[in-house]
Amino acid sequence: MTEPSKQNIRAVSRALAVLNSFTQKRSQTLADVTNATGLDKGTTRRLLITLMDNGYVAQDPTTQQYRIGRALRLLAADVPDGFDLRAVASPVLTQLASEFPVTAFVSVYDDGDVVCLDRIHDMKGIEVHWWAVGGTLPYNCGGAPKLLLAFQPVEEIERVLTREPTAMTRASITDRGALRDRLAQIRQQDYEFAVDDVTLGLTALAVPVRTPDGSIAGAISIAGLTPQLCNEDGPDPLHLGQLREAARQIERRIQMAGAA
C-alpha cells in the first residue's frame with residue numbers, strides 16, 4: 001500500500017468521524033465537533049468545509065452551528081427501516097396522482113424535521129415543486145409536517161416549538177399558541193388541510209400511515225392548486241376519503257411486508 005493511499009484512508013476515516021459526531025445531535029459548534037472527534041481545530045474546520053461543499057453538512061448562517069446536510073437525507077431516503085415505506089407506498093401514490101391529478105408525497109418524521117421520501121406527479125396536472133425528495137419543510141408549514149408533528153409526544157412537540165416558526169406566506173401559522181391549538185385539532189380529526197401556507201395558491205392534504213401496532217410510520221399527502229382540493233359543498237376537503245383509503249392500502253401492504 002502506498003503512502004498516498006494511507007493518507008486517503010485516514011482522511012475518509014476522519015470525515016466519517018465528523019459525520020458520526022452528529023449522532024443524536026441536531027447541531028454542533030466547531031468546538032463541539034472538535035471535542036467529539038479528538039481532531040485538532042484546523043483539521044476539523046477543513047473537513048467540515050469539504051463536507052459542506054458536497055452537501056453532507058450544512059451551516060446555519062445565523063448561529064454558525066453545523067448540522068447534517070441534504071445529501072445525507074437523500075441517502076437516508078433510500079434506506080429501508082424494517083420495511084421500505086417508499087417502495088410500499090409508490091404504487092398507491094402513483095394511482096392517486098393519476099386519478100385526480102395532483103402531486104402525491106410520502107414522508108417521515110426525523111428529529112424535528114419531516115423528510116420527503118418520494119414525490120409522484122401525473123403529467124396531466126400542475127407539478128408541485130416546493131418539496132423535493134430528501135428535502136424538508138418548516139415544521140409549521142404544509143400538510144405532512146404539521147400532521148407528523150401533531151402525533152409526537154408532548155415533550156417532543158415542545159422541543160420542536162423552541163425553534164423559530166417560519167413564515168413562508170401570510171397564511172403560515174407562526175404563533176406558537178395557535179400552532180398548539182392546530183396540532184390538537186389535527187390529532188382529533190386525523191388529517192391536516194394546509195391552505196396556501198407554503199405557497200399562495202397551492203394547498204396540501206395529509207393523512208397518517210400507521211403500522212400494525214398503531215404507531216405512525218409516516219404520512220401521505222397530495223398537493224395541487226387550491227381550487228382542486230377545497231370543497232365548497234361541505235366541511236371536509238376534496239379527496240379526503242380517497243386519501244384515507246390510500247393510507248389503508250399502504251397499511252395493508254406494510255402488514256404484508258412484515259409478515260413476509
# chains A, B, ... in the order shown; residues from 1 in each chain; ligands from 1
>>> closest_atom_pairs(of="stretch 147-189 of chain A", to="stretch 128-138 of chain A", cutoff="9 Å", atoms="only C-alpha atoms", output="tab-separated table")
residue	atom	partner	partner_atom	distance
A:Pro165	CA	A:Pro138	CA	7.3
A:Thr166	CA	A:Pro138	CA	6.3
A:Ala167	CA	A:Pro138	CA	8.9
A:Met168	CA	A:Pro138	CA	8.6
>>> select_by_dssp(residues="stretch 1-48 of chain A", states="alpha helix (DSSP H)", output="number ranges by chain")
A: 3-20, 30-37, 41-48
>>> write_last_selection(atoms="C-alpha atoms", output="PDB file, in the first residue's frame")
ATOM      1  CA  GLU A   3       1.687   6.334   1.357  1.00  0.00           C
ATOM      2  CA  PRO A   4      -0.939   8.433  -0.539  1.00  0.00           C
ATOM      3  CA  SER A   5      -3.438   5.566  -0.141  1.00  0.00           C
ATOM      4  CA  LYS A   6      -2.851   5.565   3.603  1.00  0.00           C
ATOM      5  CA  GLN A   7      -3.440   9.292   3.703  1.00  0.00           C
ATOM      6  CA  ASN A   8      -6.649   8.977   1.701  1.00  0.00           C
ATOM      7  CA  ILE A   9      -7.979   6.253   4.017  1.00  0.00           C
ATOM      8  CA  ARG A  10      -7.116   8.365   7.061  1.00  0.00           C
ATOM      9  CA  ALA A  11      -8.923  11.345   5.528  1.00  0.00           C
ATOM     10  CA  VAL A  12     -12.035   9.248   4.918  1.00  0.00           C
ATOM     11  CA  SER A  13     -11.939   7.895   8.473  1.00  0.00           C
ATOM     12  CA  ARG A  14     -11.676  11.411   9.845  1.00  0.00           C
ATOM     13  CA  ALA A  15     -14.567  12.623   7.685  1.00  0.00           C
ATOM     14  CA  LEU A  16     -16.704   9.717   8.905  1.00  0.00           C
ATOM     15  CA  ALA A  17     -15.769  10.583  12.488  1.00  0.00           C
ATOM     16  CA  VAL A  18     -17.057  14.113  11.882  1.00  0.00           C
ATOM     17  CA  LEU A  19     -20.339  12.786  10.473  1.00  0.00           C
ATOM     18  CA  ASN A  20     -20.723  10.269  13.298  1.00  0.00           C
ATOM     19  CA  LEU A  30     -16.899  23.776  15.701  1.00  0.00           C
ATOM     20  CA  ALA A  31     -15.704  23.210  19.268  1.00  0.00           C
ATOM     21  CA  ASP A  32     -18.349  20.502  19.782  1.00  0.00           C
ATOM     22  CA  VAL A  33     -17.181  18.582  16.696  1.00  0.00           C
ATOM     23  CA  THR A  34     -13.527  19.037  17.653  1.00  0.00           C
ATOM     24  CA  ASN A  35     -14.139  17.656  21.145  1.00  0.00           C
ATOM     25  CA  ALA A  36     -16.264  14.757  19.878  1.00  0.00           C
ATOM     26  CA  THR A  37     -13.745  13.627  17.253  1.00  0.00           C
ATOM     27  CA  LYS A  41      -9.445  22.583  15.269  1.00  0.00           C
ATOM     28  CA  GLY A  42      -7.846  23.274  11.888  1.00  0.00           C
ATOM     29  CA  THR A  43      -8.374  19.713  10.622  1.00  0.00           C
ATOM     30  CA  THR A  44     -11.965  19.716  11.858  1.00  0.00           C
ATOM     31  CA  ARG A  45     -12.704  23.003  10.105  1.00  0.00           C
ATOM     32  CA  ARG A  46     -11.233  21.761   6.810  1.00  0.00           C
ATOM     33  CA  LEU A  47     -13.238  18.545   6.991  1.00  0.00           C
ATOM     34  CA  LEU A  48     -16.447  20.438   7.745  1.00  0.00           C
TER      35      LEU A  48
END
>>> closest_residue(among="A:Gln255, A:Thr203, A:Thr162, A:Ser107", to="A:Ile220", atoms="only C-alpha atoms")
A:Ser107
>>> atom_distance(atom1="atom CA of A:Leu96", atom2="atom CA of A:Ala171")
26.3 Å
>>> closest_residue(among="A:Cys116, A:Ala150, A:Ala71, A:Leu229", to="A:Ile216", atoms="only C-alpha atoms")
A:Ala150
>>> atom_distance(atom1="atom CA of A:Leu51", atom2="atom CA of A:Thr23")
15.9 Å
>>> residues_around(residues="A:Ser27", least_positions_apart="4", cutoff="10 Å", atoms="only C-alpha atoms", output="VMD selection string")
chain A and resid 21 to 23 32 to 33 58 to 60 63 to 68
>>> write_last_selection(atoms="C-alpha atoms", output="mmCIF file, in the first residue's frame")
data_model
loop_
_atom_site.group_PDB
_atom_site.id
_atom_site.type_symbol
_atom_site.label_atom_id
_atom_site.label_comp_id
_atom_site.auth_asym_id
_atom_site.auth_seq_id
_atom_site.Cartn_x
_atom_site.Cartn_y
_atom_site.Cartn_z
ATOM 1 C CA SER A 21 -20.278 13.067 15.829
ATOM 2 C CA PHE A 22 -23.758 14.302 14.859
ATOM 3 C CA THR A 23 -25.435 11.140 16.189
ATOM 4 C CA ASP A 32 -18.349 20.502 19.782
ATOM 5 C CA VAL A 33 -17.181 18.582 16.696
ATOM 6 C CA ALA A 58 -24.819 22.472 6.353
ATOM 7 C CA GLN A 59 -24.155 25.572 8.454
ATOM 8 C CA ASP A 60 -26.766 27.863 9.952
ATOM 9 C CA THR A 63 -25.882 30.669 14.692
ATOM 10 C CA GLN A 64 -22.884 29.398 12.678
ATOM 11 C CA GLN A 65 -23.650 25.916 14.014
ATOM 12 C CA TYR A 66 -23.297 22.842 11.828
ATOM 13 C CA ARG A 67 -25.888 20.169 11.082
ATOM 14 C CA ILE A 68 -26.374 17.184 8.796
#
>>> closest_residue(among="A:Glu245, A:Asp196, A:Glu164, A:Asp111", to="A:Ala223", atoms="only C-alpha atoms")
A:Asp196
>>> closest_residue(among="A:Cys141, A:Val102, A:Ile120, A:Val108", to="A:Phe193", atoms="only C-alpha atoms")
A:Cys141
>>> select_by_dssp(residues="stretch 16-223 of chain A", states="strand (DSSP E)", output="JSON, numbers by chain")
{"A": [57, 58, 59, 66, 67, 68, 103, 104, 105, 106, 107, 108, 109, 110, 113, 114, 115, 116, 117, 118, 119, 120, 121, 192, 193, 194, 195, 202, 203, 204, 205, 206, 207, 208, 209, 210, 216, 217, 218, 219, 220, 221, 222, 223]}
>>> atom_distance(atom1="atom CA of A:Asp190", atom2="atom CA of A:Arg70")
29.4 Å
>>> closest_residue(among="A:Thr29, A:Gln189, A:Gln95, A:Asn140", to="A:Arg176", atoms="only C-alpha atoms")
A:Asn140
